[in-house]
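Asks: data-v5.txt is reproduced below (compact mmCIF, C-alpha atoms).
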# COMPACT_ATOMS: atom_id res chain seq x y z
CA MET A 1 0.00 0.00 0.00
CA ASN A 2 1.29 3.47 -0.88
CA SER A 3 0.78 6.72 0.96
CA THR A 4 0.95 10.38 0.08
CA PRO A 5 2.13 11.94 3.33
CA ARG A 6 1.93 15.60 4.22
CA PRO A 7 4.82 17.69 2.87
CA GLY A 8 8.01 17.34 4.85
CA THR A 9 7.16 14.07 6.64
CA ALA A 10 9.47 11.48 5.05
CA VAL A 11 12.39 11.91 7.43
CA ALA A 12 10.07 12.39 10.39
CA GLU A 13 8.21 9.16 9.53
CA LEU A 14 11.47 7.23 9.43
CA ALA A 15 12.52 8.78 12.75
CA ALA A 16 9.22 7.65 14.26
CA LEU A 17 9.87 4.10 13.07
CA VAL A 18 13.35 4.16 14.64
CA ARG A 19 11.91 5.20 17.98
CA GLU A 20 9.67 2.11 17.94
CA LEU A 21 12.57 -0.30 17.52
CA LEU A 22 14.10 -2.25 20.37
CA PRO A 23 17.65 -1.42 21.50
CA SER A 24 20.18 -3.41 19.51
CA CYS A 25 23.48 -2.82 21.35
CA GLY A 26 23.08 -2.49 25.10
CA PRO A 27 20.63 0.39 25.62
CA VAL A 28 21.34 1.85 22.16
CA ARG A 29 19.39 1.62 18.92
CA LEU A 30 22.19 1.66 16.37
CA VAL A 31 21.10 2.84 12.91
CA GLY A 32 23.50 2.24 10.04
CA VAL A 33 23.43 4.59 7.03
CA ASP A 34 25.37 2.93 4.21
CA GLY A 35 25.81 3.54 0.50
CA HIS A 36 28.46 4.36 -2.05
CA ALA A 37 30.85 7.23 -1.43
CA GLY A 38 29.16 10.41 -2.61
CA SER A 39 25.62 9.04 -2.30
CA GLY A 40 24.51 11.59 0.31
CA LYS A 41 24.91 9.56 3.51
CA SER A 42 26.26 12.39 5.67
CA THR A 43 23.54 14.85 4.66
CA PHE A 44 20.75 12.34 5.18
CA ALA A 45 22.19 11.16 8.51
CA ALA A 46 22.26 14.78 9.70
CA ARG A 47 18.59 15.23 8.70
CA LEU A 48 17.56 12.02 10.44
CA ALA A 49 19.58 12.89 13.56
CA GLU A 50 17.82 16.25 13.73
CA ALA A 51 14.43 14.57 13.40
CA LEU A 52 15.44 12.30 16.28
CA GLY A 53 16.03 15.29 18.53
CA GLY A 54 19.77 15.59 18.01
CA ALA A 55 20.85 11.95 17.97
CA PRO A 56 24.64 11.59 17.80
CA VAL A 57 26.23 10.57 14.50
CA LEU A 58 29.46 8.60 14.25
CA HIS A 59 31.15 9.07 10.89
CA LEU A 60 33.13 6.05 9.72
CA ASP A 61 35.59 8.41 8.04
CA ASP A 62 36.85 8.92 11.61
CA LEU A 63 37.64 5.20 11.88
CA ALA A 64 39.09 4.55 8.43
CA THR A 65 42.66 5.52 7.49
CA HIS A 66 44.74 5.92 4.34
CA GLU A 67 46.20 2.47 4.98
CA GLU A 68 42.93 0.82 6.02
CA PHE A 69 39.93 2.07 4.10
CA PHE A 70 37.90 -0.86 5.43
CA GLY A 71 40.20 -2.41 8.02
CA TRP A 72 38.58 -0.70 11.00
CA THR A 73 36.19 -3.47 12.08
CA ASP A 74 38.15 -4.70 15.11
CA ARG A 75 38.86 -1.16 16.29
CA PHE A 76 35.17 -0.26 15.93
CA GLY A 77 34.21 -3.28 17.98
CA ARG A 78 36.63 -2.49 20.81
CA GLN A 79 36.05 1.25 20.93
CA VAL A 80 32.33 1.48 20.17
CA LEU A 81 30.32 -1.75 20.20
CA ASP A 82 31.83 -3.32 23.31
CA PRO A 83 31.32 -0.24 25.53
CA PHE A 84 27.78 0.31 24.21
CA ALA A 85 26.94 -3.32 24.91
CA ARG A 86 27.93 -2.67 28.54
CA GLY A 87 25.89 0.53 28.65
CA GLU A 88 29.06 2.64 28.76
CA ALA A 89 30.28 5.55 26.69
CA ALA A 90 32.32 4.69 23.60
CA ARG A 91 35.75 6.24 23.19
CA TYR A 92 37.34 6.31 19.77
CA ASP A 93 40.36 8.00 18.23
CA PRO A 94 39.28 10.02 15.14
CA TYR A 95 41.64 9.87 12.19
CA ASP A 96 42.92 13.15 10.73
CA TRP A 97 42.99 12.73 6.94
CA HIS A 98 45.23 15.79 6.51
CA LEU A 99 47.81 14.97 9.18
CA ARG A 100 47.53 11.22 8.49
CA ARG A 101 47.36 10.29 12.17
CA PHE A 102 44.85 9.64 14.92
CA GLY A 103 43.77 12.55 17.08
CA ALA A 104 42.65 12.91 20.67
CA ALA A 105 40.03 10.44 21.86
CA ARG A 106 36.37 11.41 21.66
CA ALA A 107 33.59 10.15 23.89
CA LEU A 108 30.26 9.01 22.52
CA GLU A 109 27.51 8.47 25.06
CA PRO A 110 25.14 5.48 24.75
CA ALA A 111 22.17 7.58 23.64
CA PRO A 112 18.80 5.96 22.88
CA VAL A 113 19.65 6.26 19.15
CA VAL A 114 23.12 6.55 17.62
CA LEU A 115 23.61 6.81 13.86
CA ILE A 116 26.61 5.13 12.20
CA GLU A 117 27.22 6.81 8.85
CA GLY A 118 29.68 5.73 6.19
CA VAL A 119 30.60 3.19 3.55
CA GLY A 120 30.51 -0.18 5.26
CA ALA A 121 28.06 0.75 8.02
CA GLY A 122 26.05 -2.33 7.03
CA ARG A 123 28.93 -4.77 6.77
CA ARG A 124 28.37 -8.25 8.17
CA ALA A 125 30.45 -7.64 11.30
CA LEU A 126 28.20 -4.72 12.31
CA ARG A 127 24.76 -5.94 11.21
CA PRO A 128 24.03 -8.01 14.34
CA SER A 129 24.36 -4.81 16.40
CA LEU A 130 22.11 -2.66 14.19
CA ALA A 131 18.47 -1.91 14.92
CA LEU A 132 18.00 -0.61 11.36
CA LEU A 133 20.11 -0.52 8.21
CA VAL A 134 19.46 2.28 5.71
CA TRP A 135 20.90 2.15 2.20
CA MET A 136 21.22 5.33 0.11
CA GLU A 137 19.80 4.31 -3.25
CA LEU A 138 22.18 5.89 -5.78
CA ALA A 139 24.25 3.92 -8.29
CA ALA A 140 28.00 3.66 -7.71
CA GLU A 141 29.01 5.61 -10.81
CA SER A 142 26.64 8.48 -10.05
CA SER A 143 27.75 8.56 -6.41
CA TRP A 144 31.43 8.59 -7.27
CA GLU A 145 30.91 11.31 -9.88
CA ARG A 146 29.23 13.48 -7.23
CA GLY A 147 32.04 12.80 -4.78
CA ARG A 148 34.76 13.64 -7.28
CA ARG A 149 32.99 16.84 -8.25
CA ARG A 150 32.64 17.79 -4.59
CA ASP A 151 36.29 17.12 -3.68
CA GLY A 152 37.91 18.55 -6.81
CA ILE A 153 40.70 17.41 -9.09
CA GLY A 154 43.28 17.56 -6.31
CA LEU A 155 41.87 14.35 -4.83
CA SER A 156 41.55 12.45 -8.10
CA ALA A 157 44.30 9.97 -7.18
CA PHE A 158 42.67 9.34 -3.83
CA TRP A 159 39.33 8.70 -5.50
CA ASP A 160 40.96 6.23 -7.90
CA ASP A 161 42.28 4.25 -4.95
CA TRP A 162 39.03 4.58 -3.02
CA THR A 163 36.70 3.41 -5.80
CA ALA A 164 38.83 0.34 -6.42
CA ALA A 165 38.79 -0.49 -2.70
CA GLU A 166 35.06 0.15 -2.42
CA MET A 167 34.32 -2.15 -5.35
CA ARG A 168 36.32 -4.92 -3.68
CA HIS A 169 34.63 -4.31 -0.35
CA PHE A 170 31.06 -4.51 -1.62
CA ALA A 171 31.89 -7.51 -3.82
CA GLU A 172 33.07 -9.38 -0.72
CA ASP A 173 30.72 -7.87 1.89
CA PRO A 174 27.62 -6.27 0.33
CA SER A 175 25.26 -4.16 2.42
CA ARG A 176 22.32 -3.36 0.13
CA PRO A 177 20.83 -6.89 0.10
CA PHE A 178 20.46 -6.65 3.88
CA ALA A 179 19.03 -3.13 4.08
CA ASP A 180 15.76 -2.58 5.92
CA THR A 181 15.10 0.71 4.15
CA LEU A 182 16.14 2.24 0.83
CA VAL A 183 16.39 6.04 0.80
CA ARG A 184 16.49 8.00 -2.43
CA GLN A 185 17.20 11.71 -2.79
CA VAL A 186 14.70 13.32 -5.14
CA GLN A 187 14.01 16.84 -6.30
CA GLU A 188 11.50 17.34 -3.50
CA GLY A 189 13.85 16.00 -0.83
CA TYR A 190 13.82 12.29 0.11
CA GLU A 191 11.70 9.23 -0.34
CA TRP A 192 12.08 5.86 1.33
CA LEU A 193 10.65 2.42 0.82
CA PRO A 194 11.17 -1.13 2.09
CA GLY A 195 14.60 -2.61 1.55
CA PRO A 196 15.42 -6.13 0.37
CA ASP A 197 15.64 -7.40 3.96
CA SER A 198 12.54 -5.69 5.34
CA ALA A 199 10.07 -8.59 5.05
CA PRO A 200 9.51 -9.03 8.80
CA ARG A 201 8.41 -5.40 9.08
CA ALA A 202 6.85 -5.01 5.62
CA ASP A 203 3.45 -4.05 7.02
CA ARG A 204 5.04 -1.08 8.81
CA PHE A 205 6.68 0.37 5.73
CA LEU A 206 5.05 2.73 3.27
CA THR A 207 6.59 4.69 0.43
CA HIS A 208 7.15 8.16 1.86
CA SER A 209 8.42 11.37 0.30
CA ASP A 210 8.90 14.92 1.41
CA ASP A 211 9.27 18.31 -0.18
CA LEU A 212 12.45 19.49 1.51
CA ALA A 213 14.75 20.59 -1.27
CA PRO A 214 18.04 18.66 -1.06
CA PRO A 215 21.29 20.61 -0.63
CA ASP A 216 23.74 20.91 -3.49
Let me see the file written as C-alpha cells.
Replies:
Amino acid sequence: MNSTPRPGTAVAELAALVRELLPSCGPVRLVGVDGHAGSGKSTFAARLAEALGGAPVLHLDDLATHEEFFGWTDRFGRQVLDPFARGEAARYDPYDWHLRRFGAARALEPAPVVLIEGVGAGRRALRPSLALLVWMELAAESSWERGRRRDGIGLSAFWDDWTAAEMRHFAEDPSRPFADTLVRQVQEGYEWLPGPDSAPRADRFLTHSDDLAPPD
C-alpha cells in the first residue's frame, strides 16, 4: 500500500519508526546509514539525527585511514560496540585525513539512538548490532561522480584508490541486500521504501516522500 504523506514528513516518519525499535546494542538503537561514497549519507544522517532530537552521528571516516579504508572493524568493535553493549560511553580516536594520524580520543555516550554513517556501516560484522540498516539508493558511478565533483581534481588519485577499494569491499561484503530501508534523494527531498531485507516489518513500511529541497 502506498501513501501520500503531508509535505516534509518522510524523514520524520522514518525517525518515528526508529523510535519504535528495540535497542540493539546495550541500551542503544544503532542505525547504520550505508551507500556508495558520494551518495549523500552524511547529509541524510544529519537530517535524520535532527528529526530524532539531536541523535549523535558517528562518521566512519573517523575510523578509516589511508592504509585501512575498510580495516577498521576490530577497532570499531573495541572502541564502540563493546562499551555500548555494557551501557558505557564509547571512546574512539578520530583519524585526521590531513595529518595522516589519529587525534585525541572522543567520547560518545550510549544515547537511545546513535547513527553510524559511512561506507561499510552495514557490513556483516556490524549488522548483528544494528536496529535498522538504511541504504542510500544511488548507483555507484553516479555517487562517485558526485564525490569527485565535490572534492575537486586535487583528490583524483585518492578517489581512484578509493573506488577500487570500495568495489572490492562490496563484492566481498555487500550491504544493500540486507538493508531494511532504501532512501532516495529526489528533487522534492527524500523518499524511502522497504529494503530487500525488510520482510519481517513489511506491514510497517510505506513509500514516503517529502518536499524538503536537497542541498547541493
Asks: When you draw a straight line from CA of Leu115 (chain A) to CA of Asp160 (chain A), how long is it in Å?
Replies: 27.8 Å
Asks: With distances taken over only C-alpha atoms, which of A:Leu30, A:Val119, A:Ala12, A:Ala164 is nearest to Arg176 (chain A)?
Replies: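 Comparing A:Leu30, A:Val119, A:Ala12, A:Ala164 against Arg176 (chain A), the winner is A:Val119.
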Asks: Between A:Phe158, A:Met136, A:Arg148, A:Arg19, which has the minimum distance to Thr65 (chain A) (counting all atoms listed in the file)?
Replies: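 Looking at the shortest contact to Thr65 (chain A), the residue is A:Phe158.
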Asks: Which residues are near Val80 (chain A)? Cut-off 8 Å, only C-alpha atoms, ignore same chain within fewer than 2 positions. Put them as a PyMOL selection string.
Replies: chain A and resi 76-78+82-84+89-92
Asks: Place a sphere of radius 12 Å on (22.9, 6.5, 8.4) in the file coordinates and name every protein, DNA or RNA residue with an atom inside or on its surface, counting all atoms listed in the file; give the answer as an mmCIF file with C-alpha atoms, in the coordinates of the input.
Replies:
data_model
loop_
_atom_site.group_PDB
_atom_site.id
_atom_site.type_symbol
_atom_site.label_atom_id
_atom_site.label_comp_id
_atom_site.auth_asym_id
_atom_site.auth_seq_id
_atom_site.Cartn_x
_atom_site.Cartn_y
_atom_site.Cartn_z
ATOM 1 C CA VAL A 11 12.390 11.910 7.430
ATOM 2 C CA LEU A 14 11.470 7.230 9.430
ATOM 3 C CA ALA A 15 12.520 8.780 12.750
ATOM 4 C CA VAL A 18 13.350 4.160 14.640
ATOM 5 C CA LEU A 30 22.190 1.660 16.370
ATOM 6 C CA VAL A 31 21.100 2.840 12.910
ATOM 7 C CA GLY A 32 23.500 2.240 10.040
ATOM 8 C CA VAL A 33 23.430 4.590 7.030
ATOM 9 C CA ASP A 34 25.370 2.930 4.210
ATOM 10 C CA GLY A 35 25.810 3.540 0.500
ATOM 11 C CA SER A 39 25.620 9.040 -2.300
ATOM 12 C CA GLY A 40 24.510 11.590 0.310
ATOM 13 C CA LYS A 41 24.910 9.560 3.510
ATOM 14 C CA SER A 42 26.260 12.390 5.670
ATOM 15 C CA THR A 43 23.540 14.850 4.660
ATOM 16 C CA PHE A 44 20.750 12.340 5.180
ATOM 17 C CA ALA A 45 22.190 11.160 8.510
ATOM 18 C CA ALA A 46 22.260 14.780 9.700
ATOM 19 C CA ARG A 47 18.590 15.230 8.700
ATOM 20 C CA LEU A 48 17.560 12.020 10.440
ATOM 21 C CA ALA A 49 19.580 12.890 13.560
ATOM 22 C CA ALA A 55 20.850 11.950 17.970
ATOM 23 C CA PRO A 56 24.640 11.590 17.800
ATOM 24 C CA VAL A 57 26.230 10.570 14.500
ATOM 25 C CA LEU A 58 29.460 8.600 14.250
ATOM 26 C CA HIS A 59 31.150 9.070 10.890
ATOM 27 C CA LEU A 60 33.130 6.050 9.720
ATOM 28 C CA VAL A 113 19.650 6.260 19.150
ATOM 29 C CA VAL A 114 23.120 6.550 17.620
ATOM 30 C CA LEU A 115 23.610 6.810 13.860
ATOM 31 C CA ILE A 116 26.610 5.130 12.200
ATOM 32 C CA GLU A 117 27.220 6.810 8.850
ATOM 33 C CA GLY A 118 29.680 5.730 6.190
ATOM 34 C CA VAL A 119 30.600 3.190 3.550
ATOM 35 C CA GLY A 120 30.510 -0.180 5.260
ATOM 36 C CA ALA A 121 28.060 0.750 8.020
ATOM 37 C CA GLY A 122 26.050 -2.330 7.030
ATOM 38 C CA LEU A 130 22.110 -2.660 14.190
ATOM 39 C CA ALA A 131 18.470 -1.910 14.920
ATOM 40 C CA LEU A 132 18.000 -0.610 11.360
ATOM 41 C CA LEU A 133 20.110 -0.520 8.210
ATOM 42 C CA VAL A 134 19.460 2.280 5.710
ATOM 43 C CA TRP A 135 20.900 2.150 2.200
ATOM 44 C CA MET A 136 21.220 5.330 0.110
ATOM 45 C CA ALA A 179 19.030 -3.130 4.080
ATOM 46 C CA ASP A 180 15.760 -2.580 5.920
ATOM 47 C CA THR A 181 15.100 0.710 4.150
ATOM 48 C CA LEU A 182 16.140 2.240 0.830
ATOM 49 C CA VAL A 183 16.390 6.040 0.800
#
Asks: Report as an MDAnalysis selection string all protein, DNA and RNA residues lying within 9 Å of Phe69 (chain A), evaluated on all atoms listed in the file, omitting residues in the same chain fewer than 3 positions from it.
Replies: chainID A and resid 61 63:66 72 162 165:166
Asks: With C-alpha atoms retained, write the just-selected residues as a JSON list (two decimals), in the coordinates of the input.
Replies:
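The result, written out as again.json:
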[["chain", "number", "residue", "atom", "x", "y", "z"],
["A", 61, "ASP", "CA", 35.59, 8.41, 8.04],
["A", 63, "LEU", "CA", 37.64, 5.20, 11.88],
["A", 64, "ALA", "CA", 39.09, 4.55, 8.43],
["A", 65, "THR", "CA", 42.66, 5.52, 7.49],
["A", 66, "HIS", "CA", 44.74, 5.92, 4.34],
["A", 72, "TRP", "CA", 38.58, -0.70, 11.00],
["A", 162, "TRP", "CA", 39.03, 4.58, -3.02],
["A", 165, "ALA", "CA", 38.79, -0.49, -2.70],
["A", 166, "GLU", "CA", 35.06, 0.15, -2.42]]
Asks: Using all atoms listed in the file, which of A:Leu17, A:Ala85, A:Cys25, A:Trp144 sits nearest Asp161 (chain A)?
Replies: A:Trp144
Asks: Using all atoms listed in the file, can you list as number ranges by chain the residues within 9 Å of (18.4, 3.1, 24.1)?
Replies: A: 22-30, 110-114
Asks: Would you please work out which residue, of A:Asp62, A:Glu188, A:Glu109, A:Asp74, is nearest to Arg86 (chain A) when using all atoms listed in the file?
Replies: A:Glu109
Asks: Between A:Gly147, A:Pro94, A:Gly71, A:Gly154, which one has atoms that come closest to Ala37 (chain A), using only C-alpha atoms?
Replies: A:Gly147
Asks: Please, what distance in Å, to one decimal, runs between CA of Arg100 (chain A) and CA of Ser156 (chain A)?
Replies: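 Here the two named atoms are 17.7 Å from each other.
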Asks: Could you tell me how far CA of Pro177 (chain A) lies from CA of Arg75 (chain A), in Å and to one decimal?
Replies: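 Going from CA of Pro177 (chain A) over to CA of Arg75 (chain A) covers 24.9 Å.
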